[in-house]
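J.: Data file input-v8.cif (mmCIF, C-alpha atoms) is appended below.
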```cif
data_my_file
loop_
_atom_site.label_atom_id
_atom_site.label_comp_id
_atom_site.auth_asym_id
_atom_site.auth_seq_id
_atom_site.Cartn_x
_atom_site.Cartn_y
_atom_site.Cartn_z
CA MET C 1 -20.43 -41.75 -9.10
CA LEU C 2 -19.77 -38.12 -8.37
CA ASN C 3 -20.82 -34.70 -9.55
CA LEU C 4 -17.86 -32.40 -10.18
CA VAL C 5 -19.74 -29.57 -11.88
CA ALA C 6 -22.24 -27.62 -9.79
CA ASP C 7 -24.65 -26.95 -12.63
CA THR C 8 -26.01 -28.92 -15.52
CA VAL C 9 -26.41 -27.73 -19.09
CA PRO C 10 -29.59 -25.62 -19.16
CA GLY C 11 -32.51 -27.42 -20.78
CA ARG C 12 -30.70 -30.74 -20.98
CA VAL C 13 -32.69 -33.56 -19.37
CA CYS C 14 -32.24 -37.32 -19.23
CA GLY C 15 -35.45 -38.04 -21.10
CA ALA C 16 -35.69 -41.75 -21.85
CA CYS C 17 -31.99 -42.35 -21.08
CA THR C 18 -31.42 -44.66 -18.10
CA VAL C 19 -27.80 -45.65 -18.75
CA CYS C 20 -26.66 -44.44 -15.31
CA CYS C 21 -29.29 -46.76 -13.78
CA THR C 22 -27.43 -49.78 -15.22
CA VAL C 23 -23.81 -49.23 -16.23
CA PRO C 24 -22.01 -47.96 -13.10
CA ALA C 25 -21.69 -49.64 -9.73
CA ILE C 26 -23.24 -47.71 -6.87
CA ASP C 27 -21.56 -48.40 -3.55
CA ASN C 28 -23.10 -45.94 -1.12
CA PRO C 29 -24.58 -46.38 2.37
CA GLN C 30 -28.01 -45.36 0.96
CA ILE C 31 -28.03 -47.67 -2.05
CA GLN C 32 -25.91 -50.37 -3.62
CA LYS C 33 -26.04 -51.77 -7.13
CA ALA C 34 -23.53 -53.89 -8.98
CA ALA C 35 -22.08 -52.54 -12.23
CA GLY C 36 -24.13 -53.81 -15.14
CA ALA C 37 -27.19 -54.54 -12.98
CA THR C 38 -30.24 -52.41 -13.64
CA CYS C 39 -31.71 -50.64 -10.62
CA ARG C 40 -34.98 -52.29 -9.64
CA HIS C 41 -36.73 -48.90 -9.83
CA CYS C 42 -35.72 -48.40 -13.47
CA GLY C 43 -38.32 -49.05 -16.13
CA ALA C 44 -39.35 -46.41 -18.61
CA GLY C 45 -37.44 -43.99 -16.40
CA CYS C 46 -37.14 -43.96 -12.61
CA ALA C 47 -40.25 -45.19 -10.80
CA ILE C 48 -39.20 -43.33 -7.62
CA TYR C 49 -37.80 -40.22 -9.29
CA ALA C 50 -39.40 -37.75 -6.83
CA THR C 51 -38.03 -39.67 -3.82
CA ARG C 52 -34.86 -41.22 -5.28
CA PRO C 53 -31.81 -41.45 -2.98
CA ASP C 54 -29.46 -38.48 -2.62
CA VAL C 55 -26.69 -40.31 -4.49
CA CYS C 56 -28.99 -40.42 -7.53
CA VAL C 57 -30.29 -36.86 -7.07
CA GLY C 58 -26.73 -35.48 -7.09
CA TYR C 59 -25.37 -37.51 -9.99
CA PHE C 60 -25.18 -36.33 -13.59
CA CYS C 61 -23.22 -37.91 -16.42
CA GLY C 62 -20.80 -35.83 -18.46
CA TRP C 63 -23.43 -35.25 -21.13
CA ARG C 64 -25.65 -33.48 -18.58
CA GLN C 65 -22.73 -31.49 -17.13
CA LEU C 66 -20.68 -30.34 -20.12
CA GLU C 67 -21.79 -28.22 -23.05
CA ILE C 68 -18.97 -29.64 -25.17
CA PHE C 69 -21.20 -32.66 -25.72
CA GLY C 70 -23.95 -32.03 -28.26
CA GLU C 71 -27.47 -33.41 -28.01
CA ASP C 72 -26.48 -36.53 -29.98
CA TRP C 73 -24.02 -37.47 -27.22
CA ARG C 74 -26.84 -38.50 -24.86
CA PRO C 75 -25.56 -41.93 -23.69
CA ASP C 76 -28.48 -43.99 -24.96
CA LYS C 77 -28.19 -42.36 -28.39
CA SER C 78 -24.42 -42.21 -28.82
CA GLY C 79 -23.32 -45.42 -27.09
CA VAL C 80 -20.87 -43.31 -25.05
CA PHE C 81 -21.32 -42.90 -21.30
CA ALA C 82 -19.17 -39.86 -20.53
CA GLU C 83 -18.17 -39.08 -16.96
CA LEU C 84 -15.90 -36.55 -15.37
CA GLU C 85 -12.75 -38.22 -14.10
CA THR C 86 -10.60 -37.20 -11.12
CA ASP C 87 -7.99 -39.98 -11.18
CA ILE C 88 -5.64 -38.03 -13.45
CA PRO C 89 -1.94 -38.85 -13.90
CA GLU C 90 0.14 -36.08 -12.33
CA HIS C 91 2.06 -35.33 -15.53
CA LEU C 92 -1.17 -34.14 -17.21
CA GLN C 93 -1.35 -31.24 -14.73
CA SER C 94 -5.12 -31.25 -14.43
CA SER C 95 -7.51 -32.22 -11.68
CA VAL C 96 -10.37 -33.22 -14.00
CA GLY C 97 -10.62 -35.16 -17.24
CA VAL C 98 -13.27 -37.02 -19.23
CA SER C 99 -13.83 -40.76 -19.40
CA LEU C 100 -15.55 -42.02 -22.55
CA MET C 101 -17.04 -45.42 -21.73
CA LEU C 102 -18.15 -47.29 -24.84
CA ILE C 103 -21.50 -48.92 -24.06
CA GLY C 104 -22.86 -49.48 -27.54
CA ASN C 105 -20.90 -51.01 -30.41
CA PRO C 106 -17.36 -49.96 -29.38
CA LEU C 107 -15.61 -50.45 -32.71
CA LYS C 108 -18.35 -48.68 -34.65
CA THR C 109 -18.38 -45.80 -32.16
CA ILE C 110 -14.64 -45.08 -32.23
CA ARG C 111 -14.73 -44.98 -36.04
CA GLN C 112 -17.41 -42.27 -36.16
CA PRO C 113 -16.23 -38.84 -37.37
CA TRP C 114 -17.91 -37.07 -34.43
CA PHE C 115 -16.05 -39.30 -31.95
CA LEU C 116 -12.71 -38.92 -33.75
CA ASP C 117 -13.16 -35.14 -33.85
CA PHE C 118 -13.99 -34.98 -30.15
CA VAL C 119 -10.93 -37.01 -29.17
CA ALA C 120 -8.58 -35.07 -31.48
CA THR C 121 -9.89 -31.69 -30.33
CA GLY C 122 -9.69 -32.68 -26.66
CA LEU C 123 -6.14 -33.94 -27.00
CA GLN C 124 -5.08 -30.81 -28.86
CA GLY C 125 -6.57 -28.78 -26.01
CA GLY C 126 -4.72 -30.78 -23.36
CA VAL C 127 -7.87 -32.33 -21.87
CA PRO C 128 -7.16 -35.60 -20.03
CA LEU C 129 -9.19 -38.19 -21.96
CA PHE C 130 -9.76 -41.85 -21.18
CA LEU C 131 -11.27 -44.60 -23.28
CA ALA C 132 -13.19 -47.13 -21.19
CA LEU C 133 -15.20 -50.33 -21.46
CA PRO C 134 -17.65 -51.65 -18.88
CA GLY C 135 -16.77 -54.99 -17.37
CA PRO C 136 -19.13 -57.94 -17.16
CA ALA C 137 -21.95 -57.51 -14.63
CA GLY C 138 -20.51 -57.12 -11.13
CA HIS C 139 -17.01 -56.28 -12.39
CA LYS C 140 -15.03 -53.08 -12.60
CA GLY C 141 -14.59 -51.56 -16.02
CA ALA C 142 -11.29 -50.89 -17.75
CA LYS C 143 -9.86 -47.63 -19.01
CA VAL C 144 -6.76 -46.38 -20.78
CA SER C 145 -5.42 -42.87 -21.05
CA LEU C 146 -5.57 -41.36 -24.51
CA ASN C 147 -3.03 -38.66 -23.61
CA THR C 148 -0.04 -40.55 -24.92
CA PRO C 149 2.66 -38.79 -26.95
CA GLU C 150 1.74 -40.88 -30.00
CA MET C 151 -1.98 -40.07 -29.74
CA THR C 152 -1.31 -36.38 -29.05
CA ARG C 153 0.84 -36.17 -32.21
CA ALA C 154 -1.83 -37.99 -34.22
CA ALA C 155 -4.51 -35.55 -33.01
CA SER C 156 -3.05 -32.74 -35.12
CA GLY C 157 -2.98 -34.84 -38.29
CA PRO C 158 -5.42 -36.88 -40.36
CA ARG C 159 -8.24 -38.54 -38.42
CA ALA C 160 -7.19 -41.93 -39.85
CA ALA C 161 -4.17 -41.89 -37.52
CA VAL C 162 -6.39 -41.16 -34.50
CA LYS C 163 -8.76 -43.95 -35.57
CA ALA C 164 -5.91 -46.46 -35.85
CA LEU C 165 -4.65 -45.61 -32.36
CA LEU C 166 -8.16 -45.77 -30.90
CA GLU C 167 -8.54 -49.23 -32.44
CA LYS C 168 -5.29 -50.30 -30.73
CA ALA C 169 -6.52 -48.89 -27.40
CA LEU C 170 -9.80 -50.77 -27.82
CA GLN C 171 -7.88 -54.01 -28.42
CA VAL C 172 -6.04 -53.47 -25.12
CA LEU C 173 -9.35 -52.87 -23.32
CA THR C 174 -11.06 -55.94 -24.79
CA ARG C 175 -8.22 -58.16 -23.52
CA TYR C 176 -8.35 -56.67 -20.02
CA ASP C 177 -8.74 -59.03 -17.06
CA PHE C 178 -11.84 -57.45 -15.50
CA LYS C 179 -11.80 -57.60 -11.70
CA PRO C 180 -14.93 -58.17 -9.56
CA HIS C 181 -16.18 -55.07 -7.77
CA ILE C 182 -16.18 -55.70 -4.02
CA MET C 183 -18.87 -53.63 -2.31
CA ARG C 184 -17.89 -51.72 0.82
CA HIS C 185 -21.52 -51.11 1.82
CA SER C 186 -24.46 -53.47 2.12
CA GLY C 187 -28.08 -53.61 3.19
CA HIS C 188 -29.73 -51.64 0.40
CA ASP C 189 -29.12 -53.58 -2.81
CA MET C 190 -31.25 -52.08 -5.57
CA GLY C 191 -29.98 -54.25 -8.41
CA GLN C 192 -32.28 -56.59 -10.30
#
```
For the structure just supplied, provide its representation as structure tokens.
T.:
Amino acid sequence: MLNLVADTVPGRVCGACTVCCTVPAIDNPQIQKAAGATCRHCGAGCAIYATRPDVCVGYFCGWRQLEIFGEDWRPDKSGVFAELETDIPEHLQSSVGVSLMLIGNPLKTIRQPWFLDFVATGLQGGVPLFLALPGPAGHKGAKVSLNTPEMTRAASGPRAAVKALLEKALQVLTRYDFKPHIMRHSGHDMGQ
């Protein structure tokens, strides 16, 4: 979990969304939590919000950081947990991209016009995009790059071609052999 953008979108707040309190693993000296485990302080929001650890204070999902995501992209509403990504293949000539982790109904989400439009527009603009699925609790997720020549060509055509390629990418992700996440830190497990 990292914050790559210094500011957040003005006026955009988490509200009732607590996706970041469950989906990602947190492996920090201050706090640890397995991926898929809900933080013990999470209920109807964070019970220790005013005194939450620095790793939580400094973290914002892509929806909070990037204006390109509209209000309906809030993770608990859209079923998409967007994060800025720094592990970018060299050939994409960028230091930052966007990971779109499908946390709701993945097949339904990738077929939505707003999702198809976002992916097509991003690819046309050369933005490194990744489609991701969370793993089972305690496991790493899986992701695939969407910046393939085939997907980039499809992005400038009918959305049906983008949808078909996203469905293929989702099939690859659903067959992935999810690996357990091995924590480097211990002593402050906040998972339930």
J.: For each of C:Glu83, C:Asp27, C:Glu71, C:Glu150, take the minimum atom-to-atom distance to Gly187 (chain C), counting only C-alpha atoms, then give the residue where this is smallest.
T.: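 Of all the options, C:Asp27 lies closest to Gly187 (chain C).
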J.: Do you know which residues the PyMOL selection byres ((chain C and resi 97) around 9) returns on this file, as number ranges by chain?
T.: C: 83-88, 94-96, 98-99, 127-130
J.: Need to verify the contact set: region 105-122 of chain C, 12 Å, all atoms listed in the file, exclusion of same-chain residues closer than 4 positions in sequence. Can you return it as a PyMOL selection string?
T.: chain C and resi 68-70+72-73+75-82+97-101+126-134+145-147+150-171+173-174
J.: Just say which residues the PyMOL selection byres ((chain C and resi 26) around 9) picks in this file, as a PyMOL selection string.
T.: chain C and resi 1+24-25+27-28+31-35+55+183
J.: Suppose we keep C-alpha atoms; can you now write the selection as a CSV table (one decimal), keeping the file's coordinate frame?
T.:
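Contents of again_4.csv, as written:
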```
chain,number,residue,atom,x,y,z
C,1,MET,CA,-20.4,-41.8,-9.1
C,24,PRO,CA,-22.0,-48.0,-13.1
C,25,ALA,CA,-21.7,-49.6,-9.7
C,27,ASP,CA,-21.6,-48.4,-3.6
C,28,ASN,CA,-23.1,-45.9,-1.1
C,31,ILE,CA,-28.0,-47.7,-2.0
C,32,GLN,CA,-25.9,-50.4,-3.6
C,33,LYS,CA,-26.0,-51.8,-7.1
C,34,ALA,CA,-23.5,-53.9,-9.0
C,35,ALA,CA,-22.1,-52.5,-12.2
C,55,VAL,CA,-26.7,-40.3,-4.5
C,183,MET,CA,-18.9,-53.6,-2.3
```
J.: Taking into account only C-alpha atoms, which residue in the set C:Arg40, C:Arg74, C:Arg52, C:Lys179 is nearest to Val13 (chain C)?
T.: C:Arg74
J.: Quick check on the file I pasted: which residues fall under the PyMOL selection byres ((chain C and resi 41) around 12)? Write them as a PyMOL selection string.
T.: chain C and resi 18+21-22+31+33+37-40+42-53+56+189-192
J.: Restricting the calculation to all atoms listed in the file: of C:Pro89, C:Gly36, C:Gly135, C:Gly141, which residue gets closest to Val23 (chain C)?
T.: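 Ranking C:Pro89, C:Gly36, C:Gly135, C:Gly141 by distance to Val23 (chain C), first place goes to C:Gly36.
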J.: Please report the interatomic distance between CA of Pro180 (chain C) and CA of Val19 (chain C) in Å with one decimal.
T.: 20.2 Å
J.: To one decimal place in Å, what is the distance between CA of Cys61 (chain C) and CA of Cys20 (chain C)?
T.: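 We find that CA of Cys61 (chain C) and CA of Cys20 (chain C) lie 7.5 Å from each other.
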J.: Can you measure CA of His185 (chain C) to CA of Gln30 (chain C) for me? One decimal in Å is fine.
T.: 8.7 Å
J.: Pick the closest to Val172 (chain C) from C:Ser186, C:Val144, C:Pro149, C:Phe60: which is it, counting only C-alpha atoms?
T.: C:Val144
